[in-house]
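Okay, protein-v3.cif now, which holds mmCIF, C-alpha atoms and all ligand atoms:
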```cif
data_upload
loop_
_atom_site.label_atom_id
_atom_site.label_comp_id
_atom_site.auth_asym_id
_atom_site.auth_seq_id
_atom_site.Cartn_x
_atom_site.Cartn_y
_atom_site.Cartn_z
CA MET A 13 -27.12 126.68 66.37
CA THR A 14 -27.62 123.87 63.86
CA GLN A 15 -25.04 121.26 62.89
CA ILE A 16 -25.04 118.22 60.65
CA VAL A 17 -23.12 115.16 61.75
CA MET A 18 -20.38 114.34 59.22
CA PRO A 19 -18.32 111.11 59.16
CA GLY A 20 -15.32 113.00 60.61
CA HIS A 21 -17.36 113.82 63.74
CA THR A 22 -17.90 110.15 64.58
CA ASN A 23 -16.01 107.28 66.14
CA GLY A 24 -15.58 105.39 62.86
CA PRO A 25 -17.48 102.33 61.62
CA ALA A 26 -20.29 102.60 64.18
CA GLY A 27 -20.93 106.14 62.95
CA VAL A 28 -21.80 107.51 66.39
CA LEU A 29 -20.97 111.14 67.19
CA PHE A 30 -17.97 111.65 69.51
CA GLY A 31 -19.02 113.04 72.89
CA GLY A 32 -16.17 115.55 72.69
CA VAL A 33 -17.50 117.03 69.44
CA MET A 34 -20.92 117.49 71.06
CA MET A 35 -19.23 119.15 74.06
CA GLN A 36 -17.45 121.58 71.73
CA TRP A 37 -20.71 122.49 69.99
CA ILE A 38 -22.38 123.03 73.37
CA ASP A 39 -19.47 125.21 74.54
CA VAL A 40 -19.69 127.36 71.38
CA CYS A 41 -23.48 127.69 71.39
CA ALA A 42 -23.63 128.62 75.08
CA GLY A 43 -20.54 130.83 74.78
CA VAL A 44 -22.20 132.91 72.06
CA SER A 45 -25.15 133.55 74.40
CA ALA A 46 -22.76 134.66 77.16
CA MET A 47 -20.81 136.90 74.75
CA ARG A 48 -23.98 138.49 73.39
CA HIS A 49 -25.29 139.13 76.89
CA SER A 50 -22.05 140.60 78.22
CA ARG A 51 -21.04 142.25 74.92
CA GLY A 52 -17.45 141.10 75.08
CA GLY A 53 -15.09 138.22 75.72
CA VAL A 54 -15.90 135.33 78.02
CA VAL A 55 -14.13 132.18 79.23
CA THR A 56 -15.71 128.90 80.22
CA ALA A 57 -15.25 128.50 83.97
CA SER A 58 -17.12 125.20 84.35
CA ILE A 59 -19.44 122.73 82.68
CA ASP A 60 -21.83 120.77 84.87
CA ARG A 61 -22.49 117.07 84.51
CA LEU A 62 -23.40 116.03 80.97
CA ASP A 63 -25.41 112.88 80.14
CA PHE A 64 -25.73 111.62 76.57
CA MET A 65 -29.13 109.94 76.42
CA VAL A 66 -29.39 108.79 72.80
CA PRO A 67 -26.76 108.00 70.17
CA VAL A 68 -26.39 110.63 67.46
CA ARG A 69 -25.42 109.29 64.03
CA VAL A 70 -24.04 110.45 60.67
CA SER A 71 -26.47 112.71 58.76
CA ASP A 72 -28.46 113.54 61.89
CA ILE A 73 -29.22 117.24 62.34
CA VAL A 74 -28.24 118.56 65.77
CA ILE A 75 -30.08 121.60 67.09
CA LEU A 76 -28.59 123.46 70.07
CA LYS A 77 -30.49 126.19 71.90
CA SER A 78 -29.02 128.22 74.71
CA GLN A 79 -30.05 131.01 77.03
CA VAL A 80 -28.50 132.95 79.87
CA ASN A 81 -30.25 131.75 83.05
CA PHE A 82 -28.54 133.77 85.73
CA VAL A 83 -25.99 136.53 86.18
CA ARG A 84 -24.18 137.08 89.46
CA ASN A 85 -21.40 139.64 89.13
CA THR A 86 -18.88 138.61 86.51
CA SER A 87 -20.23 135.07 85.99
CA MET A 88 -23.21 133.85 84.00
CA GLU A 89 -24.93 130.48 83.96
CA VAL A 90 -26.04 129.46 80.46
CA GLY A 91 -28.35 126.51 79.83
CA CYS A 92 -28.04 124.61 76.56
CA ARG A 93 -30.65 122.14 75.30
CA VAL A 94 -29.75 119.76 72.49
CA GLU A 95 -32.16 117.97 70.16
CA THR A 96 -31.41 115.62 67.28
CA GLU A 97 -33.55 115.58 64.15
CA CYS A 98 -33.65 112.71 61.67
CA PRO A 99 -33.44 114.35 58.21
CA ASN A 100 -35.58 111.64 56.58
CA THR A 101 -38.49 111.46 59.02
CA GLY A 102 -38.27 114.79 60.85
CA GLU A 103 -38.42 112.91 64.16
CA VAL A 104 -36.86 115.04 66.91
CA ARG A 105 -35.23 113.42 69.95
CA TYR A 106 -34.26 115.23 73.13
CA THR A 107 -30.55 114.43 73.33
CA THR A 108 -28.92 116.23 76.22
CA LYS A 109 -28.80 119.43 78.22
CA ALA A 110 -25.96 121.21 79.94
CA TYR A 111 -25.37 124.08 82.32
CA LEU A 112 -22.21 126.06 81.75
CA THR A 113 -20.69 128.92 83.70
CA PHE A 114 -18.92 131.66 81.75
CA VAL A 115 -16.97 134.53 83.22
CA ALA A 116 -16.90 137.85 81.35
CA VAL A 117 -13.28 138.93 80.93
CA ASP A 118 -11.45 142.01 79.71
CA ASN A 119 -8.61 142.04 77.19
CA GLU A 120 -6.16 140.93 79.90
CA GLY A 121 -8.36 137.98 80.88
CA ARG A 122 -9.44 139.64 84.14
CA PRO A 123 -13.06 139.14 85.23
CA ARG A 124 -15.27 142.11 84.34
CA LYS A 125 -18.82 142.89 85.39
CA ALA A 126 -21.62 141.39 83.29
CA PRO A 127 -24.86 143.38 82.88
CA PRO A 128 -27.77 142.23 85.06
CA LEU A 129 -30.24 139.87 83.47
CA GLU A 130 -33.72 141.14 82.67
CA LEU A 131 -36.23 138.48 83.73
CA LEU A 132 -39.14 138.88 81.32
CA ASN A 133 -41.57 136.19 82.48
CA GLU A 134 -42.29 133.50 85.08
CA ASP A 135 -40.15 130.94 83.21
CA ASP A 136 -37.16 133.31 83.32
CA LYS A 137 -37.69 133.87 87.05
CA LYS A 138 -37.91 130.14 87.76
CA ARG A 139 -34.78 129.46 85.69
CA ALA A 140 -32.86 132.17 87.54
CA GLU A 141 -33.92 130.83 90.95
CA GLN A 142 -32.88 127.30 90.05
CA ALA A 143 -29.60 128.55 88.56
CA ALA A 144 -28.80 130.44 91.77
CA LEU A 145 -29.16 127.19 93.73
CA ARG A 146 -26.98 125.32 91.24
CA ARG A 147 -24.35 128.06 91.50
CA VAL A 148 -24.03 127.56 95.26
CA ARG A 149 -23.78 123.76 94.93
CA ARG A 150 -21.26 124.10 92.07
CA LEU A 151 -18.97 126.47 93.93
CA GLN A 152 -19.20 124.38 97.08
CA ALA A 153 -18.23 121.27 95.09
CA ALA A 154 -15.30 123.19 93.59
CA GLY A 155 -14.21 124.25 97.08
CA LYS A 156 -14.74 127.93 96.19
CA ILE A 157 -17.34 128.87 98.84
CA ASN A 158 -18.71 127.59 102.12
CA ASN A 159 -22.08 129.29 101.72
CA GLY A 160 -24.15 131.22 99.14
C1 LIG B 201 -12.67 131.70 85.28
C2 LIG B 201 -11.59 132.64 85.80
C3 LIG B 201 -11.55 133.90 84.95
C4 LIG B 201 -12.00 133.01 87.24
O1 LIG B 201 -10.96 133.79 87.74
P1 LIG B 201 -10.74 133.97 89.33
O2 LIG B 201 -9.45 134.61 89.53
O3 LIG B 201 -11.09 132.70 90.01
O4 LIG B 201 -11.80 135.08 89.60
P2 LIG B 201 -12.79 135.24 90.81
O5 LIG B 201 -12.43 134.42 91.98
O6 LIG B 201 -12.89 136.74 90.99
O7 LIG B 201 -14.14 134.70 90.22
C5 LIG B 201 -14.76 135.35 89.14
C6 LIG B 201 -16.10 134.70 88.93
O8 LIG B 201 -15.89 133.38 88.47
C7 LIG B 201 -16.68 132.48 89.21
N1 LIG B 201 -15.98 131.20 89.22
C8 LIG B 201 -14.70 131.00 89.50
N2 LIG B 201 -14.42 129.69 89.42
C9 LIG B 201 -15.56 129.06 89.07
C10 LIG B 201 -15.92 127.72 88.83
N3 LIG B 201 -15.04 126.72 88.91
N4 LIG B 201 -17.19 127.43 88.51
C11 LIG B 201 -18.10 128.42 88.41
N5 LIG B 201 -17.83 129.73 88.61
C12 LIG B 201 -16.56 130.03 88.94
C13 LIG B 201 -16.78 133.12 90.59
O9 LIG B 201 -17.88 132.62 91.31
C14 LIG B 201 -16.93 134.58 90.21
O10 LIG B 201 -18.28 134.83 89.85
P3 LIG B 201 -19.03 136.23 90.27
O11 LIG B 201 -18.08 137.36 89.95
O12 LIG B 201 -20.22 136.29 89.40
O13 LIG B 201 -19.35 136.13 91.73
C15 LIG B 201 -10.17 131.96 85.83
O14 LIG B 201 -10.20 130.87 86.73
C16 LIG B 201 -9.75 131.49 84.46
O15 LIG B 201 -9.31 132.27 83.64
N6 LIG B 201 -9.85 130.15 84.21
C17 LIG B 201 -9.51 129.60 82.92
C18 LIG B 201 -10.68 129.73 81.95
C19 LIG B 201 -10.40 129.00 80.66
O16 LIG B 201 -9.31 129.04 80.16
N7 LIG B 201 -11.43 128.33 80.12
C20 LIG B 201 -11.28 127.50 78.99
C21 LIG B 201 -11.01 126.12 79.44
S1 LIG B 201 -10.17 125.16 78.28
#
```

Give the structure from the file, written as structure tokens.
Amino acid sequence: MTQIVMPGHTNGPAGVLFGGVMMQWIDVCAGVSAMRHSRGGVVTASIDRLDFMVPVRVSDIVILKSQVNFVRNTSMEVGCRVETECPNTGEVRYTTKAYLTFVAVDNEGRPRKAPPLELLNEDDKKRAEQAALRRVRRLQAAGKINNG
């Protein structure tokens, strides 16, 4: 997903992008991956820690890339990587990354099963293994499980 930073996305005179706008873009980009994978509606269950490493300014181009890392039963972890491109120089800066958990839901908002994830290469397998560990830590922190 590609966005351009407009003045209305920023905090005013300093012209720096609001963190909340970036979070919305991340939620949409990652949500589309979860919807495409599960072929239906999803809700955001959680967003892991988010660090903004460089300021993003008016006219910058923001490039968001997401992929489903792991599917359990009804939940999916989606990773989203964000880069910022200067339109004048083409310089690309790694800006932030986020891990989001989406739950596939039916028309009544009840969790529904998501299809298993096909792991096509070693990178996919490594991502899935790491996501499974994050899932356990995340649910423990949320007080949802005592073990994996
Ligand atoms: C997410 C939601 C559907 C989960 O419903 P629930 O009744 O807790 O359902 P379950 O306990 O059966 O859990 C369903 C799945 O969600 C996962 N889940 C629940 N809470 C979670 C959390 N805080 N973080 C990560 N995953 C979570 C469970 O691990 C489970 O995954 P699995 O089926 O793959 O094992 C429900 O809490 C909800 O609708 N929340 C509001 C979502 C929303 O409005 N999002 C927008 C925010 S503005």

Worksheet entry | Shell of 12 Å around Val148 in chain A, only C-alpha atoms, local chain residues under 3 positions omitted, as a PyMOL selection string | chain A and resi 84+89+141-145+151-160

Box along x, y and z, 8 Å on every side, all listed atoms of ligand LIG 201 (chain B) inside: centre and edge lengths in Å to one decimal, as JSON.
```
{"center_x": -14.8, "center_y": 131.3, "center_z": 85.1, "size_x": 26.9, "size_y": 28.2, "size_z": 29.7}
```

Practice prompt. Select the residues contacting ligand LIG 201 (chain B) at a distance of at most 8 Å, based on all atoms listed in the file, then format the selection as an MDAnalysis selection string.
Written response: chainID A and resid 55:59 83:88 113:117 121:125 147 150:151 154 156

Item to complete: Find the distance between CA of Ile38 in chain A and CA of Val54 in chain A and write it in Å to one decimal.
Response: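 Between CA of Ile38 in chain A and CA of Val54 in chain A the gap is 14.7 Å.
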
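What separates CA of Val28 in chain A from CA of Glu97 in chain A is a distance of 14.4 Å.
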
Practice prompt. Could you give me, as a ChimeraX atom specification, the residues that sit within 9 Å of (-27.8, 137.2, 82.8) in the file's coordinates, counting all atoms listed in the file?
Written response: /A:46,49-50,79-84,87-90,126-131,140

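Each of A:Phe64, A:Arg149, A:Asp118, A:Tyr106 was checked against Gly52 in chain A using only C-alpha atoms; the smallest atom-to-atom distance is that of A:Asp118.
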
Worksheet, complete the sentence: Between CA of Gly43 in chain A and CA of Gly31 in chain A lies a distance of 18.0 Å

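Selecting by distance to (-23.0, 114.8, 67.7) with a limit of 8 Å and using all atoms listed in the file, one obtains Val17, His21, Thr22, Val28, Leu29, Phe30, Gly31, Val33, Met34, Val68, Arg69 and Val74 of chain A.
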
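With all atoms listed in the file as the basis for measurement, A:Gly91 is the residue among A:Gly102, A:Gly20, A:Gly91, A:Gly53 that approaches Asp39 in chain A most closely.
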